[in-house]
Amino acid sequence: MVVKYNPREIEKRWQQRWAEDRLYEVREDSTKPKWYALTMFPYTSGDLHIGHWYAMAPSDVHARFKRMQGYNVLHPMGFDAFGLPAENAAISRGIHPFTWTMQNIENMRRQLKSMGAIYDWDREVITCLPEYYKWTQWFFLKLYENGLAYRGKAPVNWCPRCQTVLANEQVVDSCCERCGAIVSHRDLEQWFFRITRYADELMQHNGIDWPERIKLMQRNWVGKGEGTEISFALDHPGTAEKEVRVFTTRPDTIFGVTFMVLAPEHPLVAELTSPERKAEVEEYIARSRWRSDIERLSTEKEKDGVFTGAYVVNRLNGEKVPVWTGDYVLLSYGTGAVMGVPAHDERDFVFARKYDLPVRVVVAPPAWDGKELEEAYTEAGTMVNSGEFDGIPSQQGIEAVSDFLEERGWGKRTVTYRLRDWLISRQRYWGAPIPMIYCSRCGTMPVPEADLPVLLPEDAEFKPTGESPLKYREQFVSTSCPQCGAPARRETDTMDTFMCSSWYFLRYASPHYDTAALDPDKVCYWLPVDLYTGGAEHAVMHLFYARFFTKALRDMGLLNFGEPFTRLFNQGIIIAGKQKMSKSRGNVVTPDEYVSELGADAVRAYLMFIGPWEQGGEWNDSGISGISRWLNRVWNLVLGGCRWEEDVVPADREKAGRELSRFTHQTIRRVTRDMEKLRFNTMIAALMEFTNYLARVKEAETVSISTWEESVDTLLLLLAPTAPHLAEELWQQTGHSYSIHNQSWPQWDEELAEDEEIILVVQVNGKLRDRITVPVSITETEARGIALERQRVKAYLEGRKIVNIIYVPRRLVNVVVR
């Protein structure tokens, strides 16, 4: 009698054995090719839900597959442990962020271990521990030494509830994505990284295999624009400035300018605003401060503005141009001023119609009759109403007008970028302290490397306002100048947590190396990452910053490569109730109960069977029950015992053996190719078909025992990455040595995988008339002869002349008659 499959008992036992034997311990090995597979590490929110497993389980399956292929595989795990949620929890629950975070890590580590992944836990990194953030601070100092970190005043998104600066990406519909408070703008002294120095390189993705949409998102985020900066004359008693400069990619439309718009933050706005317009302008500026940059640039937001009462002069035609202020213009992009050409820009057209401003056509569409346009014409055309440039094709006009402006000193060709330097200052406690000191004598001084890490004080007091307790902790703030020894004060801002995740993948190579951030030999062995998997939502933050960081370290001589991730794969998302899982929606599916009832192997397999990994799918309890039944069938198939008939005709046994061998090798080929391409759902389908085929073979009892055992072994080896516990148990139960996970991946033989027979389609004048089963080795002459002898075909040939016979090997015979 077969012992019942008990995944709970089996999985716990094997996980303990693997840990005791250090089966997945990873060491550098020059005799093997390396494979560094990494899944984006999770934030320490407290519980892993099925969405986390969906990111992690398939990547573990692929890593196991590469390991069985003979690669030395590094597939580590750690925790992104700094950030606002922990600090907010400290305030709302009266618990220290460190305590809350480490408790969450303990629970998440338990959940991750229950998955049965090949993580080498000795390589775990936790970003909130001093042994890690010491080197985060060290990297900050290196960036500072190399001119890539600086302090400057800048308008920032400010959350009044979290009492911290937010990146543009953290502002959603004018609100903080974390707490929902309305975000405003403030001018603060902040620390920045000069990511703009790498703008051009960050637009290039040479030599890396990344999804095209991610590459496009990053190129758009950099936002490189090649155009012309044009000077408009300014003669206003309120300012000493003699010009206002705008950037445009369409200098050919300069004669169509009917207004100019300045960003509300532009310093000239206050100087140019007339007394009678002052109250209205100031009120508009105050309103704009409550809007995020993303909202201001949104195509869905209605464009608005206020007239300042001032004018500039278009030097090319001498016209006075009214100056407005509008928050769809950003001070941080271009010059903070734009020229309004409503006839040839959709945004300007809407603005002009709203405020009854002139719309002058200066680039004529084909066959234009001189009538007023119903909408902006933004394509190429012929320049009109443009003085000496009339009649020139607009594309030539771009160059001609630019030459004209440069010759007179009224403009110059230039390049602008949408990308801005990375603001890394955060006014909060739970982050890596910025290692800088302010001395009244010596100015801004870096903390000496020997004094790192600058530790977070453990006895911080968290206020209901959310303000960072660091600035109120005198023992933390007060220090001495490292240069002159005079009393000084520490920087109380901490670093953006994206700083921590910009280098964690490097630390896995030598996580306990204590004399430097990186062991150069081990980094050289393991890096760059061969396969990086995670969500597409990180395209313009984590993935972007990690690329910048890698390139900066390369230029400092700390790395010998410039791209951190050779291949990037973005998995889809798991939904429940047709919605993305979230605690606020109450539709989060936790893996623990399913692991306890059906086993981790069932959860792993179901997540891969649910649909293409890049597309995601919907969680369904009946679906995972079906996977559980399949694994039970595998258990019973392998251990259920069998009785092989002794009196089977040798020819029949040989034929059955060939068929089983052929199906086995075809399955190896299918599963291997699907694994390589991360097509896990079709890989699972192939294993299910193989299981069903083996069940039929077992029932027929016609193959030899050796052929049967060889095919069962193959099933277990192919199953091992997906269901590691079940495969390990069955491998032992069938008399093999420990461990199946140290076995080599099966290889298929093309000849053995070849079908012995094929279905040949027979057509007459392109219409299907018959299907015939023929040997795979059939020749063209044989195929023609058989086709012409078929009774169903002869009926369509009687009384007609054969003009031609078309043969497509192994597919069809088409008889052409008339």
# chains A, B, ... in the order shown; residues from 1 in each chain; ligands from 1
$ residues_around --residues "stretch 579-595 of chain A" --least-positions-apart "3" --cutoff "9 Å" --atoms "only C-alpha atoms" --output "PyMOL selection string"
chain A and resi 7-8+47-51+53+111+114-115+573-576+598-603+618-619+624
$ select_by_dssp --residues "stretch 725-803 of chain A" --states "helix (DSSP H, G or I)" --output "number ranges by chain"
A: 725-733, 740-742, 750-753, 780-789, 791-794
$ atom_distance --atom1 "atom CA of A:Asp209" --atom2 "atom CA of A:Ala117"
25.3 Å
$ closest_residue --among "A:Ala450, A:Leu373, A:Leu568, A:Cys162" --to "A:Ile91" --atoms "only C-alpha atoms"
A:Cys162
$ select_by_dssp --residues "stretch 422-533 of chain A" --states "strand (DSSP E)" --output "ChimeraX atom specification"
/A:422-423,425-426,436-439,443-446,478-480,487-490,494-495,531-533
$ closest_residue --among "A:Tyr693, A:Trp748, A:Phe565, A:Trp410" --to "A:Asn206" --atoms "only C-alpha atoms"
A:Phe565
$ closest_residue --among "A:Leu760, A:Met108, A:Met339, A:Leu419" --to "A:Gly225" --atoms "only C-alpha atoms"
A:Leu419
$ residues_around --residues "A:Pro511" --least-positions-apart "2" --cutoff "7 Å" --atoms "only C-alpha atoms" --output "PyMOL selection string"
chain A and resi 123+125+507-509+513
$ residues_around --residues "A:Val815" --least-positions-apart "4" --cutoff "9 Å" --atoms "only C-alpha atoms" --output "NGL selection string"
:A and (762-766 or 784 or 787-788 or 797 or 802-807)
$ write_last_selection --atoms "N, CA and C atoms" --output "short mmCIF file (atom, residue, chain, number, x, y, z; two decimals), in the first residue's frame"
data_model
loop_
_atom_site.label_atom_id
_atom_site.label_comp_id
_atom_site.auth_asym_id
_atom_site.auth_seq_id
_atom_site.Cartn_x
_atom_site.Cartn_y
_atom_site.Cartn_z
N VAL A 762 -2.92 15.72 -47.78
CA VAL A 762 -3.01 15.61 -49.24
C VAL A 762 -4.08 16.58 -49.74
N GLN A 763 -3.68 17.45 -50.67
CA GLN A 763 -4.60 18.43 -51.23
C GLN A 763 -4.74 18.21 -52.75
N VAL A 764 -5.86 18.63 -53.27
CA VAL A 764 -6.05 18.70 -54.72
C VAL A 764 -6.47 20.15 -55.02
N ASN A 765 -5.63 20.80 -55.80
CA ASN A 765 -5.83 22.23 -56.10
C ASN A 765 -5.99 23.05 -54.82
N GLY A 766 -5.18 22.69 -53.83
CA GLY A 766 -5.13 23.47 -52.59
C GLY A 766 -6.22 23.15 -51.59
N ARG A 784 4.50 11.03 -53.10
CA ARG A 784 3.67 11.26 -54.27
C ARG A 784 2.89 9.99 -54.64
N ALA A 787 0.06 9.22 -52.14
CA ALA A 787 -1.02 10.21 -52.26
C ALA A 787 -1.90 9.91 -53.48
N LEU A 788 -1.29 9.58 -54.62
CA LEU A 788 -2.05 9.35 -55.85
C LEU A 788 -2.84 8.05 -55.80
N LEU A 797 -9.38 13.17 -59.18
CA LEU A 797 -8.43 13.18 -60.29
C LEU A 797 -9.03 12.62 -61.58
N ILE A 802 -3.15 15.97 -64.54
CA ILE A 802 -2.25 16.43 -63.48
C ILE A 802 -1.22 17.37 -64.08
N VAL A 803 -1.24 18.61 -63.62
CA VAL A 803 -0.31 19.63 -64.13
C VAL A 803 0.98 19.66 -63.32
N ASN A 804 0.84 19.49 -62.01
CA ASN A 804 2.02 19.59 -61.13
C ASN A 804 1.71 18.90 -59.80
N ILE A 805 2.74 18.46 -59.14
CA ILE A 805 2.60 17.92 -57.78
C ILE A 805 3.60 18.65 -56.89
N ILE A 806 3.07 19.37 -55.92
CA ILE A 806 3.91 20.15 -55.00
C ILE A 806 4.09 19.36 -53.71
N TYR A 807 5.34 19.20 -53.30
CA TYR A 807 5.63 18.43 -52.08
C TYR A 807 6.35 19.33 -51.08
#
$ closest_residue --among "A:Arg213, A:Lys224, A:Arg428, A:Lys153" --to "A:Gln190" --atoms "only C-alpha atoms"
A:Lys153
$ closest_residue --among "A:Lys34, A:Arg473, A:Arg769, A:Arg291" --to "A:Cys524" --atoms "only C-alpha atoms"
A:Lys34
$ closest_residue --among "A:Trp221, A:Trp158, A:Tyr150, A:Tyr132" --to "A:Val183" --atoms "only C-alpha atoms"
A:Trp158
$ residues_around --residues "A:Pro322" --least-positions-apart "3" --cutoff "9 Å" --atoms "only C-alpha atoms" --output "NGL selection string"
:A and (258-261 or 307-313)
$ write_last_selection --atoms "C-alpha atoms" --output "CSV table (one decimal), in the first residue's frame"
chain,number,residue,atom,x,y,z
A,258,THR,CA,1.8,85.3,-29.4
A,259,PHE,CA,2.5,84.8,-25.7
A,260,MET,CA,5.2,83.7,-23.2
A,261,VAL,CA,4.7,81.6,-20.0
A,307,PHE,CA,-1.2,87.5,-17.1
A,308,THR,CA,1.6,89.4,-15.3
A,309,GLY,CA,1.0,92.7,-17.1
A,310,ALA,CA,4.5,92.6,-18.6
A,311,TYR,CA,5.8,92.2,-22.2
A,312,VAL,CA,8.9,91.0,-24.0
A,313,VAL,CA,9.9,91.7,-27.6
